Structure formats: C-alpha cells, structure tokens
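First comes the structure, then the notes that go with it.
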Amino acid sequence: FFFSPPRRHAGSLASSRPQMGIVEEVEAQLAALNARLPELEGKANKKERTAVNKQIYTLENDDTYVAAKKSQIEGGRAAAASEEDAAHAKRLEEEESARAAAEEAAEARAAAKVEGAAGERTAEEEDGESHLEFKQLKKGDGETAPSKGDYVYCCYTGTFAPGTEHGGKDLSGKQFDSTWDSKLKKHRPLHFQHGGGKAIRGWDEALKRMTLGEKAELTIGPRWAYRKGGIQDDAGGYVVPPNATLCFQMQLVGVRDAKHDDASIQWGKGRG
C-alpha cells in the first residue's frame, strides 16, 4: 500500500478548502507521510521514500499553506497580546480605584480633624488674648476677601513649632499635613466654609486679614488649634499631639467663585 495525497501546486489548496481548514488538512497529510518514513528505510524502498519526501517538501512549501500557517501564528500572537492588554487595563483600573479610595479616606480624615477641633471652640472660654502670629509672605489682590459663610480654598503645609515634643520624641519642624500631592506635583487645596466651624480658629482669624492669592506664615497656639485633645489617627496614634503649637505656610487660593491663577494648583475635587 502506498499513500499518495493529491498533488497540488502553489495556490491550488485555496480552491479546495477554506483558509481556516488548510493548515489542519495539510498538517494531517504531513503527519501521515512522516509516519510512513520509518517503514521505508533501506535500499529496497529508496524510490518510494524519495517520493514521500518529495510530497512532504511540496506540501510544506505550498504558498497557500505557508500563508495560512503564518496567519494562524500571527492571529495567536494578536489574541495573546489582546489578553495581556486587557489584563493590564484591569490592573490599572484596580490601582486607580484603590488610589481613589485612599484619597477619599484621607479627605475624610482631614475633614474630621478640622471639624473636631472646631467643635471644641464652641465650648472654650475667651481669654482676651490672640493665639496667632501672622507674617505676610506674599500680597494678595487686595480686594477679594472672604466674609463669614463664604467657601474658600487654601493650600498649606503644616509643621510643628520648635520645641514640640511628644512621647519622648522631638517633633520640632516635622511636617504633619499638607495639600501638596507628590504624585501630581501640585497642591489639591482644602475647601471649607470660612467662619462655619469647619476649621481651627487660628485659620479663621488669619483669613480675616487675607485677600485672594495672599500667602502667609502662621504660628498658632494650641488654644486656637487642637487644644489639649490633639488629633489622633484611626489606629489611635497622635497626628497632632495635645497642646501643640502649629506652624503653617498657607495661601488663600479661592474665595467663592474667584480662584487664584497658579499652575501649581490642581483644581477640581479639592480636599475637605
């Protein structure tokens, strides 16, 4: 018995089967032919072995088969690349969701800090003294000043005053909070209602002196800051220890609908 597939020249395969079946058809024929070669060893079978090898060569080099095989390989690569892209996109989406959740949690903690401190203010007794040192660093527009009840936007960095200690640690000059976003390389301003009990008193008192764009250095004593309660994080550790004097570099960047034009500010959903 001698297996002899139909002879085909370049281009003839395409006329007998759809392209998707060409690879399967030819490879089935090649498998059958290659399976016969071990049986055709020896001089007696030389002519027949030569004929089989010729058929194998012809099939392997058929233009239509080669093109179909190449298309199949490229299609597999494209499918794998598509799956990899989809997986990458999913990872990015999950990372973005986690980042957004972390930002929301941070914003909630920031809001809780200022609200917690403001809540104590309603019960405090006036001692007739100012607990705010105000130093202007940059002039504002001289016109756009916030009134009580106005919503404002502020950029700031808060540090502990020299001599601040807690738990045996020297906190002098250590930063405890800021609107600066290190990933964005911009400030995400804190948004709150001036005089509405949403900020520490030292801030509200400072804002009474400021106009849009003004930057100031504030030193706020504990009585107009977080008093004896301080501020604790979710784990119970102190972000701001009790009776701490705080230093801020603060800039008023928004009053009502007016906003300060500065490329270092990320407008949109602010903190607070």
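To be explicit about the labels: the chains of the structure tokens are called A, B, and onward in the order shown, and within each one the residues are counted from 1, while ligands get numbers from 1 in the order they are shown.
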For Leu207 in chain A, list every protein, DNA or RNA residue within 10 Å, evaluated using only C-alpha atoms, and leave out those in the same chain fewer than 2 positions away; present the list as a compact mmCIF listing (two decimals) with N, CA and C atoms, in the first residue's frame.
```txt
# COMPACT_ATOMS: atom_id res chain seq x y z
N ALA A 145 -11.75 89.46 49.49
CA ALA A 145 -11.60 88.98 50.86
C ALA A 145 -12.80 88.12 51.24
N PRO A 146 -12.59 87.06 51.98
CA PRO A 146 -13.72 86.21 52.38
C PRO A 146 -14.52 86.83 53.52
N SER A 147 -15.82 86.65 53.45
CA SER A 147 -16.71 87.03 54.54
C SER A 147 -17.16 85.77 55.24
N LYS A 148 -17.67 85.93 56.44
CA LYS A 148 -18.14 84.77 57.19
C LYS A 148 -19.22 84.04 56.39
N VAL A 152 -14.08 78.88 50.88
CA VAL A 152 -12.73 79.27 50.48
C VAL A 152 -11.91 78.02 50.14
N CYS A 154 -7.82 76.77 50.34
CA CYS A 154 -6.50 77.10 50.89
C CYS A 154 -5.49 75.99 50.59
N HIS A 194 -15.60 79.37 55.56
CA HIS A 194 -14.95 80.30 56.50
C HIS A 194 -15.93 80.73 57.57
N GLY A 195 -15.50 80.58 58.83
CA GLY A 195 -16.34 81.00 59.95
C GLY A 195 -17.50 80.07 60.22
N ARG A 201 -9.63 77.73 64.79
CA ARG A 201 -9.87 79.16 64.94
C ARG A 201 -8.71 79.99 64.37
N GLY A 202 -7.50 79.49 64.55
CA GLY A 202 -6.34 80.23 64.05
C GLY A 202 -6.43 80.49 62.55
N TRP A 203 -6.99 79.54 61.81
CA TRP A 203 -7.17 79.73 60.37
C TRP A 203 -8.23 80.79 60.09
N ASP A 204 -9.36 80.68 60.77
CA ASP A 204 -10.43 81.66 60.54
C ASP A 204 -9.97 83.07 60.87
N GLU A 205 -9.19 83.19 61.94
CA GLU A 205 -8.69 84.51 62.32
C GLU A 205 -7.71 85.03 61.26
N ARG A 209 -7.72 88.51 57.64
CA ARG A 209 -6.72 89.50 57.23
C ARG A 209 -6.30 89.34 55.76
N MET A 210 -6.76 88.28 55.10
CA MET A 210 -6.18 87.91 53.81
C MET A 210 -7.11 88.21 52.64
N THR A 211 -6.50 88.38 51.46
CA THR A 211 -7.24 88.51 50.20
C THR A 211 -6.72 87.46 49.23
N LEU A 212 -7.43 87.27 48.15
CA LEU A 212 -7.14 86.21 47.18
C LEU A 212 -5.68 86.26 46.71
N GLU A 214 -3.05 85.77 48.56
CA GLU A 214 -2.11 86.10 49.63
C GLU A 214 -1.56 84.83 50.28
N ALA A 216 0.78 83.51 53.65
CA ALA A 216 1.23 83.96 54.98
C ALA A 216 1.83 82.80 55.76
N MET A 250 0.46 79.09 54.53
CA MET A 250 -0.88 78.96 53.96
C MET A 250 -1.10 80.02 52.89
N GLN A 251 -1.78 79.63 51.82
CA GLN A 251 -2.14 80.59 50.78
C GLN A 251 -3.63 80.48 50.50
N LEU A 252 -4.27 81.64 50.44
CA LEU A 252 -5.69 81.71 50.10
C LEU A 252 -5.79 81.72 48.57
```
TODO: From range 43-254 of chain A, collect each residue whose DSSP state is strand (DSSP E or B) and return the set as a ChimeraX atom specification.
DONE: /A:132-138,151-160,165-166,169-170,175-178,180-181,186-187,190-193,215-220,231-232,238-240,246-254
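For the atom pair formed by CA of Leu246 in chain A and CA of Tyr226 in chain A, the distance is 9.1 Å, given to one decimal.
Shortest separation to Arg223 in chain A among A:Ala102, A:Ile73, A:Leu132, A:Ala81 occurs at residue A:Leu132, atoms counted being only C-alpha atoms.
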Open item on the list: Run DSSP on the backbone and tell me which residues of range 193-261 of chain A come out as helix (DSSP H, G or I); list them as a VMD selection string.
Closed with: chain A and resid 201 to 207 222 to 224
- [ ] Would you please work out which residue, of A:Ala225, A:Leu184, A:Ala31, A:Leu37, is nearest to Ala199 in chain A when using only C-alpha atoms?
- [x]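 Closest candidate: A:Ala225.
Counting only C-alpha atoms and comparing A:Ile265, A:Ala101, A:Ala89, A:Leu30, the residue that lies closest to Lys185 in chain A is A:Ile265.
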Task: Selection near Asp262 in chain A, 12 Å with only C-alpha atoms, sequence-local residues under 6 positions removed, as a list in words - done: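 After dropping sequence-adjacent residues, the list is Cys155, Lys186, His187, Arg188, Pro189, Leu212, Gly213, Gln251, Leu252, Val253 and Gly254 of chain A.
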Open item on the list: Considering only C-alpha atoms, can you say which of A:Glu25, A:Arg36, A:His131, A:Ala244 comes closest to Pro162 in chain A?
Closed with: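 When distances to Pro162 in chain A are compared using only C-alpha atoms, the smallest one comes from A:Ala244.
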Open item on the list: Excluding Thr159 in chain A and its own-chain neighbours fewer than 6 positions away, which residues fall within 6 Å of it when counting only C-alpha atoms? Please give them as a ChimeraX atom specification.
Closed with: /A:173-176,247
